[in-house]
file model.txt (compact mmCIF, C-alpha atoms)
# COMPACT_ATOMS: atom_id res chain seq x y z
CA MET A 1 10.34 -14.92 -8.51
CA HIS A 2 12.42 -16.38 -5.77
CA ILE A 3 13.63 -19.90 -5.28
CA PHE A 4 11.17 -21.82 -3.13
CA GLU A 5 11.83 -23.35 0.25
CA GLY A 6 13.71 -26.63 -0.05
CA PHE A 7 14.44 -26.17 -3.74
CA LEU A 8 18.17 -25.82 -3.30
CA PRO A 9 19.82 -29.01 -2.06
CA SER A 10 23.05 -29.11 -0.04
CA PRO A 11 25.64 -27.73 -0.46
CA TRP A 12 24.13 -24.97 -2.59
CA TRP A 13 21.89 -23.26 -0.09
CA GLN A 14 24.72 -23.13 2.46
CA LEU A 15 27.18 -21.82 -0.13
CA TRP A 16 24.86 -18.97 -1.07
CA PHE A 17 24.58 -18.02 2.58
CA VAL A 18 28.37 -17.99 2.81
CA PHE A 19 28.37 -15.67 -0.19
CA SER A 20 25.60 -13.35 1.07
CA ILE A 21 26.16 -13.04 4.80
CA PRO A 22 29.40 -11.00 4.62
CA VAL A 23 27.76 -8.55 2.20
CA ILE A 24 24.70 -8.24 4.45
CA MET A 25 26.96 -7.62 7.46
CA PHE A 26 28.88 -4.94 5.58
CA GLY A 27 25.56 -3.45 4.44
CA MET A 28 24.31 -3.30 8.02
CA TYR A 29 27.49 -1.53 9.04
CA ARG A 30 27.02 0.99 6.23
CA LEU A 31 23.35 1.38 7.08
CA ASN A 32 24.12 2.01 10.75
CA LYS A 33 26.64 4.63 9.81
CA LEU A 34 24.19 6.29 7.47
CA VAL A 35 21.40 6.26 10.05
CA SER A 36 23.55 7.73 12.81
CA GLU A 37 25.46 10.31 10.76
CA ARG A 38 22.97 11.42 8.15
CA ARG A 39 19.55 11.41 9.74
CA ASP A 40 18.29 13.80 7.09
CA LEU A 41 18.80 11.12 4.47
CA LEU A 42 16.56 8.59 6.23
CA PRO A 43 13.45 9.51 4.20
CA LEU A 44 15.32 8.81 0.97
CA LEU A 45 16.39 5.44 2.36
CA ALA A 46 12.76 4.74 3.26
CA VAL A 47 11.68 5.59 -0.28
CA ALA A 48 14.32 3.29 -1.78
CA GLY A 49 13.22 0.43 0.51
CA ALA A 50 9.54 1.12 -0.17
CA PHE A 51 10.21 1.05 -3.91
CA ILE A 52 11.60 -2.48 -3.59
CA PHE A 53 8.55 -3.38 -1.47
CA VAL A 54 6.08 -2.15 -4.09
CA LEU A 55 7.81 -3.48 -7.17
CA SER A 56 8.51 -6.94 -5.83
CA SER A 57 4.82 -7.32 -4.90
CA LEU A 58 3.62 -6.73 -8.45
CA LYS A 59 3.33 -9.90 -10.48
CA LEU A 60 3.26 -8.68 -14.03
CA PRO A 61 2.26 -10.68 -17.10
CA SER A 62 4.90 -10.92 -19.79
CA VAL A 63 4.82 -11.51 -23.52
CA THR A 64 5.96 -15.12 -22.96
CA GLY A 65 2.66 -16.11 -21.36
CA SER A 66 4.06 -16.25 -17.82
CA SER A 67 4.10 -13.79 -14.97
CA SER A 68 7.02 -12.57 -12.93
CA HIS A 69 7.80 -9.58 -10.77
CA PRO A 70 10.29 -6.76 -11.01
CA THR A 71 12.83 -6.22 -8.23
CA GLY A 72 12.98 -2.47 -7.61
CA THR A 73 16.59 -2.76 -6.47
CA GLY A 74 18.20 -0.52 -9.10
CA MET A 75 17.09 2.68 -7.38
CA ALA A 76 18.56 1.73 -3.99
CA ALA A 77 21.76 0.49 -5.64
CA ILE A 78 22.27 3.82 -7.41
CA MET A 79 21.59 5.89 -4.30
CA PHE A 80 23.10 3.84 -1.49
CA GLY A 81 25.26 1.18 -3.16
CA PRO A 82 24.86 -2.60 -3.38
CA ALA A 83 25.61 -3.45 0.27
CA VAL A 84 22.79 -1.32 1.69
CA THR A 85 20.53 -2.63 -1.06
CA ALA A 86 21.30 -6.17 0.11
CA VAL A 87 19.96 -5.31 3.58
CA LEU A 88 16.81 -3.73 2.14
CA SER A 89 16.28 -6.84 0.01
CA VAL A 90 16.59 -9.07 3.06
CA ILE A 91 13.66 -7.22 4.65
CA VAL A 92 11.48 -7.72 1.57
CA LEU A 93 12.54 -11.33 1.07
CA LEU A 94 11.85 -12.11 4.73
CA TYR A 95 8.37 -10.58 4.48
CA GLN A 96 7.59 -12.73 1.47
CA ALA A 97 9.16 -15.88 2.91
CA LEU A 98 7.47 -15.55 6.31
CA PHE A 99 3.99 -14.41 5.31
CA LEU A 100 3.51 -15.41 1.71
CA ALA A 101 5.31 -18.74 1.39
CA HIS A 102 7.07 -17.01 -1.49
CA GLY A 103 10.78 -17.75 -1.55
CA GLY A 104 12.05 -19.47 1.57
CA LEU A 105 14.26 -19.33 4.62
CA THR A 106 16.80 -21.93 3.48
CA THR A 107 16.91 -20.30 0.03
CA LEU A 108 17.19 -16.79 1.49
CA GLY A 109 20.95 -16.70 0.96
CA ALA A 110 20.58 -17.55 -2.72
CA ASN A 111 17.70 -15.12 -3.22
CA VAL A 112 19.59 -12.28 -1.52
CA ALA A 113 22.60 -13.07 -3.71
CA SER A 114 20.60 -12.69 -6.94
CA MET A 115 18.18 -9.88 -6.07
CA GLY A 116 20.06 -8.03 -3.35
CA ILE A 117 23.70 -8.35 -4.33
CA ILE A 118 24.61 -9.35 -7.88
CA GLY A 119 21.81 -7.43 -9.62
CA PRO A 120 22.54 -4.26 -7.61
CA VAL A 121 26.31 -4.60 -8.13
CA VAL A 122 25.72 -4.66 -11.88
CA ALA A 123 23.42 -1.63 -11.58
CA TYR A 124 26.01 0.23 -9.55
CA LEU A 125 28.79 -0.50 -12.04
CA ILE A 126 26.63 0.51 -15.02
CA TYR A 127 25.65 3.70 -13.23
CA LYS A 128 29.22 4.67 -12.34
CA ALA A 129 30.54 3.83 -15.81
CA GLY A 130 27.69 5.62 -17.56
CA MET A 131 28.08 8.80 -15.52
CA LYS A 132 31.81 8.75 -16.10
CA ALA A 133 31.20 8.44 -19.84
CA ASN A 134 28.96 11.51 -19.63
CA ILE A 135 25.86 9.75 -20.92
CA ASN A 136 22.50 11.39 -20.17
CA PHE A 137 21.62 10.84 -16.48
CA TYR A 138 18.19 9.35 -17.13
CA VAL A 139 19.49 6.98 -19.78
CA VAL A 140 22.11 5.73 -17.33
CA VAL A 141 19.49 5.26 -14.59
CA PHE A 142 17.25 3.42 -17.05
CA LEU A 143 20.07 1.06 -18.07
CA ALA A 144 21.22 0.46 -14.49
CA ALA A 145 17.73 -0.35 -13.19
CA THR A 146 16.82 -2.48 -16.21
CA PHE A 147 19.93 -4.60 -15.83
CA ALA A 148 19.61 -4.89 -12.03
CA ASP A 149 16.22 -6.45 -12.63
CA TRP A 150 17.19 -8.66 -15.55
CA ILE A 151 20.53 -9.88 -14.15
CA THR A 152 18.72 -10.96 -10.97
CA TYR A 153 16.86 -13.57 -13.01
CA VAL A 154 19.93 -14.59 -14.97
CA VAL A 155 21.56 -15.29 -11.60
CA THR A 156 18.51 -17.25 -10.41
CA SER A 157 18.78 -19.35 -13.58
CA THR A 158 22.48 -19.90 -12.86
CA GLN A 159 21.78 -20.89 -9.26
CA LEU A 160 19.21 -23.46 -10.30
CA ALA A 161 21.39 -24.78 -13.13
CA LEU A 162 24.32 -25.24 -10.72
CA ALA A 163 22.11 -27.16 -8.32
CA PHE A 164 20.31 -29.14 -11.03
CA PRO A 165 22.64 -29.81 -13.97
CA SER A 166 20.90 -31.81 -16.65
CA GLN A 167 22.08 -35.34 -17.34
CA ALA A 168 22.50 -34.72 -21.04
CA GLY A 169 23.71 -31.12 -21.21
CA GLY A 170 25.21 -30.54 -17.76
CA PHE A 171 25.21 -27.02 -16.37
CA TRP A 172 24.72 -25.35 -19.75
CA GLY A 173 21.84 -27.58 -20.71
CA SER A 174 20.02 -26.72 -17.51
CA PHE A 175 20.96 -23.06 -17.66
CA GLN A 176 19.41 -22.70 -21.09
CA ALA A 177 16.20 -24.30 -19.87
CA PHE A 178 15.95 -22.07 -16.79
CA ALA A 179 17.04 -18.92 -18.59
CA ALA A 180 14.46 -19.59 -21.31
CA ILE A 181 11.84 -19.21 -18.59
CA PHE A 182 13.28 -16.58 -16.27
CA ALA A 183 15.43 -14.37 -18.46
CA THR A 184 13.07 -14.11 -21.43
CA THR A 185 9.96 -13.48 -19.35
CA GLN A 186 11.83 -10.78 -17.50
CA VAL A 187 12.86 -8.68 -20.51
CA PRO A 188 9.71 -6.52 -20.84
CA LEU A 189 9.39 -6.27 -17.06
CA ALA A 190 12.98 -5.11 -16.71
CA ILE A 191 12.51 -2.42 -19.36
CA MET A 192 9.34 -1.25 -17.62
CA GLU A 193 11.17 -1.09 -14.30
CA GLY A 194 14.02 0.87 -15.86
CA ALA A 195 11.61 3.44 -17.25
CA LEU A 196 9.75 3.78 -13.94
CA THR A 197 12.98 4.17 -11.98
CA ALA A 198 14.18 6.90 -14.34
CA LEU A 199 10.86 8.73 -13.92
CA ILE A 200 11.01 8.51 -10.12
CA PHE A 201 14.55 9.91 -10.25
CA LYS A 202 13.19 12.89 -12.13
CA TYR A 203 10.88 13.60 -9.19
CA ILE A 204 13.60 13.02 -6.62
CA ILE A 205 15.75 15.55 -8.43
CA GLN A 206 12.83 17.99 -8.43
CA VAL A 207 12.13 17.76 -4.71
CA LYS A 208 15.36 16.63 -3.07
CA SER A 209 18.36 16.97 -5.38
CA ASP A 210 20.57 18.19 -2.51
CA ALA A 211 20.36 14.74 -0.89
CA LEU A 212 21.57 13.08 -4.10
CA VAL A 213 24.43 15.55 -4.30
CA GLU A 214 25.29 14.88 -0.67
CA LEU A 215 25.30 11.13 -1.31
CA LYS A 216 27.65 11.81 -4.26
CA VAL A 217 25.16 10.09 -6.58
CA ILE A 218 25.15 13.08 -8.86
CA SER A 219 27.14 16.30 -9.06
CA GLN A 220 25.63 19.75 -8.65
CA GLU A 221 26.69 20.53 -12.24
CA THR A 222 24.67 17.58 -13.53
CA VAL A 223 21.65 18.72 -11.51
CA ASN A 224 21.97 22.20 -12.98
CA LYS A 225 22.34 20.77 -16.44
CA ILE A 226 19.24 18.61 -16.03
CA ARG A 227 17.24 21.50 -14.63
CA GLY A 228 18.41 23.76 -17.42
CA ILE A 229 17.58 21.55 -20.35
CA SER A 230 14.92 19.03 -19.39
CA SER A 231 11.28 19.51 -18.57
CA MET B 232 3.61 18.47 -11.81
CA LYS B 233 3.68 19.35 -15.44
CA ILE B 234 4.00 16.76 -18.14
CA GLY B 235 7.49 16.72 -19.62
CA THR B 236 9.62 14.59 -21.91
CA GLY B 237 10.21 12.08 -19.10
CA GLU B 238 6.51 11.40 -18.61
CA ILE B 239 5.94 11.04 -22.34
CA ILE B 240 8.77 8.53 -22.76
CA PHE B 241 7.50 6.62 -19.73
CA ALA B 242 3.96 6.58 -21.14
CA VAL B 243 5.19 5.28 -24.50
CA ILE B 244 7.13 2.46 -22.81
CA ALA B 245 4.10 1.64 -20.62
CA VAL B 246 1.82 1.47 -23.68
CA LEU B 247 4.36 -0.78 -25.44
CA PHE B 248 4.44 -2.99 -22.34
CA VAL B 249 0.66 -3.37 -22.36
CA ALA B 250 0.72 -3.98 -26.11
CA SER B 251 3.32 -6.74 -25.64
CA PHE B 252 1.03 -8.30 -23.02
CA PHE B 253 -1.87 -8.36 -25.47
CA TYR B 254 0.43 -9.84 -28.08
CA GLY B 255 1.45 -12.44 -25.49
CA MET B 256 -2.22 -13.25 -24.87
CA ALA B 257 -2.79 -13.75 -28.58
CA ALA B 258 0.40 -15.77 -29.02
CA ASN B 259 -0.29 -18.02 -26.02
CA PRO B 260 -3.99 -18.81 -26.25
CA GLY B 261 -5.35 -20.40 -23.11
CA SER B 262 -2.37 -19.34 -21.03
CA GLU B 263 -3.26 -18.22 -17.53
CA PHE B 264 0.02 -16.34 -17.20
CA GLY B 265 1.13 -18.44 -14.26
CA GLY B 266 4.24 -17.56 -12.29
CA VAL B 267 7.65 -18.39 -13.74
CA ASP B 268 8.52 -20.18 -10.51
CA GLY B 269 5.90 -22.81 -11.31
CA ALA B 270 7.42 -23.25 -14.77
CA ALA B 271 10.88 -23.55 -13.22
CA GLU B 272 9.60 -26.31 -10.97
CA GLY B 273 8.60 -28.14 -14.15
CA VAL B 274 12.14 -27.85 -15.51
CA ILE B 275 13.57 -29.13 -12.22
CA THR B 276 11.30 -32.16 -12.46
CA ASP B 277 12.34 -32.75 -16.09
CA VAL B 278 16.04 -32.42 -15.37
CA THR B 279 16.17 -34.52 -12.23
CA GLY B 280 13.41 -36.95 -13.06
CA GLY B 281 11.40 -35.84 -10.03
CA TYR B 282 12.71 -33.68 -7.21
CA GLU B 283 11.28 -33.61 -3.72
CA PRO B 284 12.07 -30.44 -1.75
CA TRP B 285 14.23 -31.51 1.18
CA ILE B 286 12.40 -29.23 3.57
CA GLU B 287 8.81 -28.06 3.72
CA ASN B 288 7.82 -24.44 4.14
CA LEU B 289 8.34 -23.66 7.83
CA ALA B 290 6.64 -20.29 7.98
CA PHE B 291 3.06 -19.14 7.66
CA GLU B 292 1.41 -20.18 4.44
CA PRO B 293 -1.63 -18.28 3.14
CA PRO B 294 -4.58 -20.68 3.15
CA GLY B 295 -5.58 -19.65 -0.35
CA GLY B 296 -5.40 -17.20 -3.20
CA GLU B 297 -7.56 -14.62 -1.46
CA THR B 298 -5.33 -14.27 1.59
CA GLU B 299 -2.26 -14.35 -0.60
CA SER B 300 -3.50 -11.50 -2.78
CA LEU B 301 -4.39 -9.57 0.39
CA LEU B 302 -0.83 -9.86 1.66
CA PHE B 303 0.66 -8.90 -1.70
CA ALA B 304 -1.66 -5.90 -1.88
CA LEU B 305 -0.68 -4.98 1.67
CA GLN B 306 2.97 -5.11 0.70
CA ALA B 307 2.36 -2.78 -2.23
CA ALA B 308 0.19 -0.45 -0.14
CA ILE B 309 2.80 -0.08 2.61
CA GLY B 310 5.45 0.75 0.03
CA ALA B 311 3.27 3.19 -1.90
CA LEU B 312 2.26 4.93 1.33
CA VAL B 313 5.89 5.53 2.31
CA ILE B 314 6.84 6.79 -1.15
CA GLY B 315 3.82 9.10 -1.38
CA TYR B 316 4.32 10.45 2.13
CA PHE B 317 7.92 11.50 1.61
CA PHE B 318 7.41 12.93 -1.86
CA GLY B 319 4.52 15.00 -0.51
CA TYR B 320 6.57 16.04 2.49
CA TYR B 321 9.55 17.20 0.43
CA LYS B 322 7.36 18.92 -2.12
CA GLY B 323 5.43 20.81 0.55
CA LYS B 324 8.63 21.67 2.38
CA GLY B 325 10.18 22.96 -0.84
CA ARG B 326 7.21 25.28 -1.30
CA SER B 327 7.25 26.73 2.20
CA ASP B 328 11.00 27.37 2.22
call {"tool": "encode", "arguments": {"input": "model.txt", "output": "C-alpha cells"}}
result
Amino acid sequence: MHIFEGFLPSPWWQLWFVFSIPVIMFGMYRLNKLVSERRDLLPLLAVAGAFIFVLSSLKLPSVTGSSSHPTGTGMAAIMFGPAVTAVLSVIVLLYQALFLAHGGLTTLGANVASMGIIGPVVAYLIYKAGMKANINFYVVVFLAATFADWITYVVTSTQLALAFPSQAGGFWGSFQAFAAIFATTQVPLAIMEGALTALIFKYIIQVKSDALVELKVISQETVNKIRGISS
Amino acid sequence: MKIGTGEIIFAVIAVLFVASFFYGMAANPGSEFGGVDGAAEGVITDVTGGYEPWIENLAFEPPGGETESLLFALQAAIGALVIGYFFGYYKGKGRSD
C-alpha cells in the first residue's frame, strides 16, 4: 500500500522527492540507452514492467487479518537494476495515483523511494551477493524478490514514523506501530511473491536465456548448469 | 510445459499461503481484511491526536468500489496480457528456429 495524498507533511514529502528524482533521472538515462542500443531486449523490459503492474494490482489477504499488495519489483531489479526499476515503478504509481486515488502525487517521491528504489536496491544486492556465493539461482531469486517486497513496507513504516513520531516513544515508538501493521502483514505476501518470481525466471530461462546472459544477469555456465540438472 | 520441481515448490508455497489466510480468518473473526493503509491511518490518528491531510486528492477518484475494482482489474489484465504475449512469442519463435 502506498502513502495517501496529503499524508506526508512538509518537509518530508519534498525530501523524498529530493531523494528519488536523481535516481529516476539516472534510470531514464539507462532506459533510453537500453531502448536505443538493445531493441531486442525491449520485450523483456515490457514483461518486467507488466509484472509490477499485475502484482501491485492484487490486494491479497494476509494472516494478520488485513490486506496488502505485493510489489513485483524484484524481477525488474534483478534483470535491469534498481534505477530502471524506479522508472517502471513511477509508471505504476502514477497509474494508481491518477486513476485509483491510491497513493498520491505529493507522496509519489516517498512511494517511489520505498517501492521503486530502496526495495529494488536490496534485491539487487542480495542477488549479486547470492550469485557470487554460488547459491542456487532460484533460491537467490526467491530471496531477492521476497526482500524487495518486504523491505518496501519496512521503508514505508520508516517514512511514516519519521513524519509522525509518537509523543511518548518518538521515532521508534511510531515505527513499531507502523511496522506492526505493514511489515507483519507483508511477510506471507513477500514469500508468495518470491516464489512466483522464481517460477517466472524458470520460464524466462526456458524461452529467452540468451537475453539474460546478454544483460549479464546470469552466466552461460549457470544456464547450462540449470538446464542440466533441473526440470 | 511439463511439471518440474519448480512448479511443485511453487504449488506448496501457494497452498501454505492459502492455508495461512484461512488461519487468519479463524484467528480474526469478523475481520473484513481491510487494507493496511486504512489501519495505518488509524495509527497516524492515534499518534498525532488527529491528523488532517494537508492536501486533498487532486486526481480522478473512483466514485465507488465497483469502478475501483474495474480499474484494478484493468491494471492486472494489461499486465497479464503483455506477459502472456511475449512468453508466447518467444516460445513460438524458439520452436520455429
call {"tool": "atom_distance", "arguments": {"input": "model.txt", "atom1": "atom CA of A:Val63", "atom2": "atom CA of B:Pro260"}}
result
11.8 Å
call {"tool": "closest_residue", "arguments": {"input": "model.txt", "among": "B:Gly280, B:Leu301, B:Gly235, B:Ser327", "to": "chain A", "atoms": "all atoms listed in the file"}}
result
B:Gly235
call {"tool": "closest_residue", "arguments": {"input": "model.txt", "among": "B:Ala258, B:Tyr320, B:Phe252, B:Leu289", "to": "chain A", "atoms": "all atoms listed in the file"}}
result
B:Phe252
call {"tool": "interface_residues", "arguments": {"input": "model.txt", "of": "chain A", "to": "chain B", "cutoff": "6 Å", "atoms": "all atoms listed in the file", "output": "short mmCIF file (atom, residue, chain, number, x, y, z; two decimals) with C-alpha atoms, in the coordinates of the input"}}
result
data_model
loop_
_atom_site.label_atom_id
_atom_site.label_comp_id
_atom_site.auth_asym_id
_atom_site.auth_seq_id
_atom_site.Cartn_x
_atom_site.Cartn_y
_atom_site.Cartn_z
CA MET A 1 10.34 -14.92 -8.51
CA GLU A 5 11.83 -23.35 0.25
CA GLY A 6 13.71 -26.63 -0.05
CA PHE A 7 14.44 -26.17 -3.74
CA VAL A 47 11.68 5.59 -0.28
CA ALA A 50 9.54 1.12 -0.17
CA PHE A 53 8.55 -3.38 -1.47
CA VAL A 54 6.08 -2.15 -4.09
CA SER A 57 4.82 -7.32 -4.90
CA SER A 62 4.90 -10.92 -19.79
CA VAL A 63 4.82 -11.51 -23.52
CA THR A 64 5.96 -15.12 -22.96
CA GLY A 65 2.66 -16.11 -21.36
CA SER A 66 4.06 -16.25 -17.82
CA SER A 67 4.10 -13.79 -14.97
CA SER A 68 7.02 -12.57 -12.93
CA LEU A 98 7.47 -15.55 6.31
CA PHE A 99 3.99 -14.41 5.31
CA LEU A 100 3.51 -15.41 1.71
CA ALA A 101 5.31 -18.74 1.39
CA SER A 166 20.90 -31.81 -16.65
CA ALA A 195 11.61 3.44 -17.25
CA VAL A 207 12.13 17.76 -4.71
CA SER A 231 11.28 19.51 -18.57
#
call {"tool": "axis_aligned_box", "arguments": {"input": "model.txt", "around": "stretch 297-316 of chain B", "padding_each_side": "8 Å", "output": "JSON"}}
result
{"center_x": -0.4, "center_y": -2.1, "center_z": -0.1, "size_x": 30.4, "size_y": 41.1, "size_z": 21.4}
call {"tool": "atom_distance", "arguments": {"input": "model.txt", "atom1": "atom CA of A:Ile117", "atom2": "atom CA of A:Pro82"}}
result
5.9 Å
call {"tool": "residues_around", "arguments": {"input": "model.txt", "residues": "A:Leu8", "least_positions_apart": "6", "cutoff": "10 Å", "atoms": "all atoms listed in the file", "output": "compact mmCIF listing (two decimals) with C-alpha atoms, in the coordinates of the input"}}
result
# COMPACT_ATOMS: atom_id res chain seq x y z
CA GLN A 14 24.72 -23.13 2.46
CA TRP A 16 24.86 -18.97 -1.07
CA THR A 106 16.80 -21.93 3.48
CA THR A 107 16.91 -20.30 0.03
CA ALA A 110 20.58 -17.55 -2.72
CA GLN A 159 21.78 -20.89 -9.26
CA LEU A 160 19.21 -23.46 -10.30
CA LEU A 162 24.32 -25.24 -10.72
CA ALA A 163 22.11 -27.16 -8.32
CA PHE A 164 20.31 -29.14 -11.03
CA PRO B 284 12.07 -30.44 -1.75
CA TRP B 285 14.23 -31.51 1.18
CA ILE B 286 12.40 -29.23 3.57
call {"tool": "atom_distance", "arguments": {"input": "model.txt", "atom1": "atom CA of A:Thr185", "atom2": "atom CA of A:His69"}}
result
9.7 Å
call {"tool": "residues_around", "arguments": {"input": "model.txt", "residues": "A:Glu221", "least_positions_apart": "6", "cutoff": "12 Å", "atoms": "all atoms listed in the file", "output": "JSON, numbers by chain"}}
result
{"A": [134, 137, 209, 210, 213, 227, 228]}
call {"tool": "residues_near_point", "arguments": {"input": "model.txt", "point": "(13.1, -17.2, -21.0)", "cutoff": "10 Å", "atoms": "only C-alpha atoms", "output": "PyMOL selection string"}}
result
(chain A and resi 64+66+153-154+157+176-187) or (chain B and resi 267)
call {"tool": "residues_around", "arguments": {"input": "model.txt", "residues": "A:Met28", "least_positions_apart": "4", "cutoff": "9 Å", "atoms": "all atoms listed in the file", "output": "JSON, numbers by chain"}}
result
{"A": [23, 24, 32, 33, 83, 84, 86, 87]}
call {"tool": "closest_residue", "arguments": {"input": "model.txt", "among": "A:Met79, A:Leu108, A:Ile218, A:Ile52", "to": "A:Phe19", "atoms": "all atoms listed in the file"}}
result
A:Leu108
call {"tool": "decode", "arguments": {"input": "model.txt", "residues": "stretch 73-81 of chain A", "atoms": "all heavy atoms", "output": "PDB file, in the first residue's frame"}}
result
ATOM      1  N   THR A  73       8.623  -5.785  -7.886  1.00  0.00           N
ATOM      2  CA  THR A  73       9.803  -5.049  -8.345  1.00  0.00           C
ATOM      3  C   THR A  73      11.083  -5.887  -8.359  1.00  0.00           C
ATOM      4  O   THR A  73      12.061  -5.501  -8.999  1.00  0.00           O
ATOM      5  CB  THR A  73      10.054  -3.818  -7.456  1.00  0.00           C
ATOM      6  OG1 THR A  73      10.031  -4.247  -6.102  1.00  0.00           O
ATOM      7  CG2 THR A  73       8.993  -2.764  -7.683  1.00  0.00           C
ATOM      8  N   GLY A  74      11.071  -7.020  -7.648  1.00  0.00           N
ATOM      9  CA  GLY A  74      12.293  -7.827  -7.567  1.00  0.00           C
ATOM     10  C   GLY A  74      12.769  -8.296  -8.931  1.00  0.00           C
ATOM     11  O   GLY A  74      13.965  -8.275  -9.221  1.00  0.00           O
ATOM     12  N   MET A  75      11.818  -8.711  -9.774  1.00  0.00           N
ATOM     13  CA  MET A  75      12.188  -9.221 -11.094  1.00  0.00           C
ATOM     14  C   MET A  75      12.908  -8.159 -11.930  1.00  0.00           C
ATOM     15  O   MET A  75      13.973  -8.411 -12.499  1.00  0.00           O
ATOM     16  CB  MET A  75      10.943  -9.687 -11.831  1.00  0.00           C
ATOM     17  CG  MET A  75      11.244 -10.120 -13.248  1.00  0.00           C
ATOM     18  SD  MET A  75       9.756 -10.465 -14.165  1.00  0.00           S
ATOM     19  CE  MET A  75       9.416 -12.063 -13.517  1.00  0.00           C
ATOM     20  N   ALA A  76      12.339  -6.962 -11.985  1.00  0.00           N
ATOM     21  CA  ALA A  76      12.953  -5.885 -12.766  1.00  0.00           C
ATOM     22  C   ALA A  76      14.312  -5.512 -12.181  1.00  0.00           C
ATOM     23  O   ALA A  76      15.269  -5.249 -12.922  1.00  0.00           O
ATOM     24  CB  ALA A  76      12.029  -4.667 -12.798  1.00  0.00           C
ATOM     25  N   ALA A  77      14.411  -5.501 -10.847  1.00  0.00           N
ATOM     26  CA  ALA A  77      15.677  -5.132 -10.208  1.00  0.00           C
ATOM     27  C   ALA A  77      16.774  -6.118 -10.574  1.00  0.00           C
ATOM     28  O   ALA A  77      17.916  -5.723 -10.834  1.00  0.00           O
ATOM     29  CB  ALA A  77      15.503  -5.067  -8.688  1.00  0.00           C
ATOM     30  N   ILE A  78      16.435  -7.406 -10.611  1.00  0.00           N
ATOM     31  CA  ILE A  78      17.431  -8.425 -10.946  1.00  0.00           C
ATOM     32  C   ILE A  78      17.864  -8.273 -12.406  1.00  0.00           C
ATOM     33  O   ILE A  78      19.046  -8.342 -12.731  1.00  0.00           O
ATOM     34  CB  ILE A  78      16.853  -9.831 -10.686  1.00  0.00           C
ATOM     35  CG1 ILE A  78      16.697 -10.074  -9.187  1.00  0.00           C
ATOM     36  CG2 ILE A  78      17.745 -10.908 -11.310  1.00  0.00           C
ATOM     37  CD1 ILE A  78      15.908 -11.316  -8.833  1.00  0.00           C
ATOM     38  N   MET A  79      16.895  -8.031 -13.297  1.00  0.00           N
ATOM     39  CA  MET A  79      17.229  -8.001 -14.724  1.00  0.00           C
ATOM     40  C   MET A  79      17.838  -6.679 -15.174  1.00  0.00           C
ATOM     41  O   MET A  79      18.762  -6.651 -15.978  1.00  0.00           O
ATOM     42  CB  MET A  79      15.983  -8.307 -15.558  1.00  0.00           C
ATOM     43  CG  MET A  79      15.510  -9.737 -15.387  1.00  0.00           C
ATOM     44  SD  MET A  79      14.433 -10.313 -16.716  1.00  0.00           S
ATOM     45  CE  MET A  79      12.960  -9.380 -16.431  1.00  0.00           C
ATOM     46  N   PHE A  80      17.293  -5.572 -14.686  1.00  0.00           N
ATOM     47  CA  PHE A  80      17.707  -4.272 -15.237  1.00  0.00           C
ATOM     48  C   PHE A  80      18.334  -3.339 -14.209  1.00  0.00           C
ATOM     49  O   PHE A  80      18.742  -2.235 -14.548  1.00  0.00           O
ATOM     50  CB  PHE A  80      16.504  -3.578 -15.883  1.00  0.00           C
ATOM     51  CG  PHE A  80      15.927  -4.351 -17.034  1.00  0.00           C
ATOM     52  CD1 PHE A  80      14.768  -5.077 -16.884  1.00  0.00           C
ATOM     53  CD2 PHE A  80      16.578  -4.368 -18.261  1.00  0.00           C
ATOM     54  CE1 PHE A  80      14.244  -5.809 -17.946  1.00  0.00           C
ATOM     55  CE2 PHE A  80      16.067  -5.092 -19.329  1.00  0.00           C
ATOM     56  CZ  PHE A  80      14.898  -5.815 -19.169  1.00  0.00           C
ATOM     57  N   GLY A  81      18.383  -3.736 -12.946  1.00  0.00           N
ATOM     58  CA  GLY A  81      18.975  -2.889 -11.928  1.00  0.00           C
ATOM     59  C   GLY A  81      17.946  -1.953 -11.301  1.00  0.00           C
ATOM     60  O   GLY A  81      16.859  -1.746 -11.842  1.00  0.00           O
TER      61      GLY A  81
END
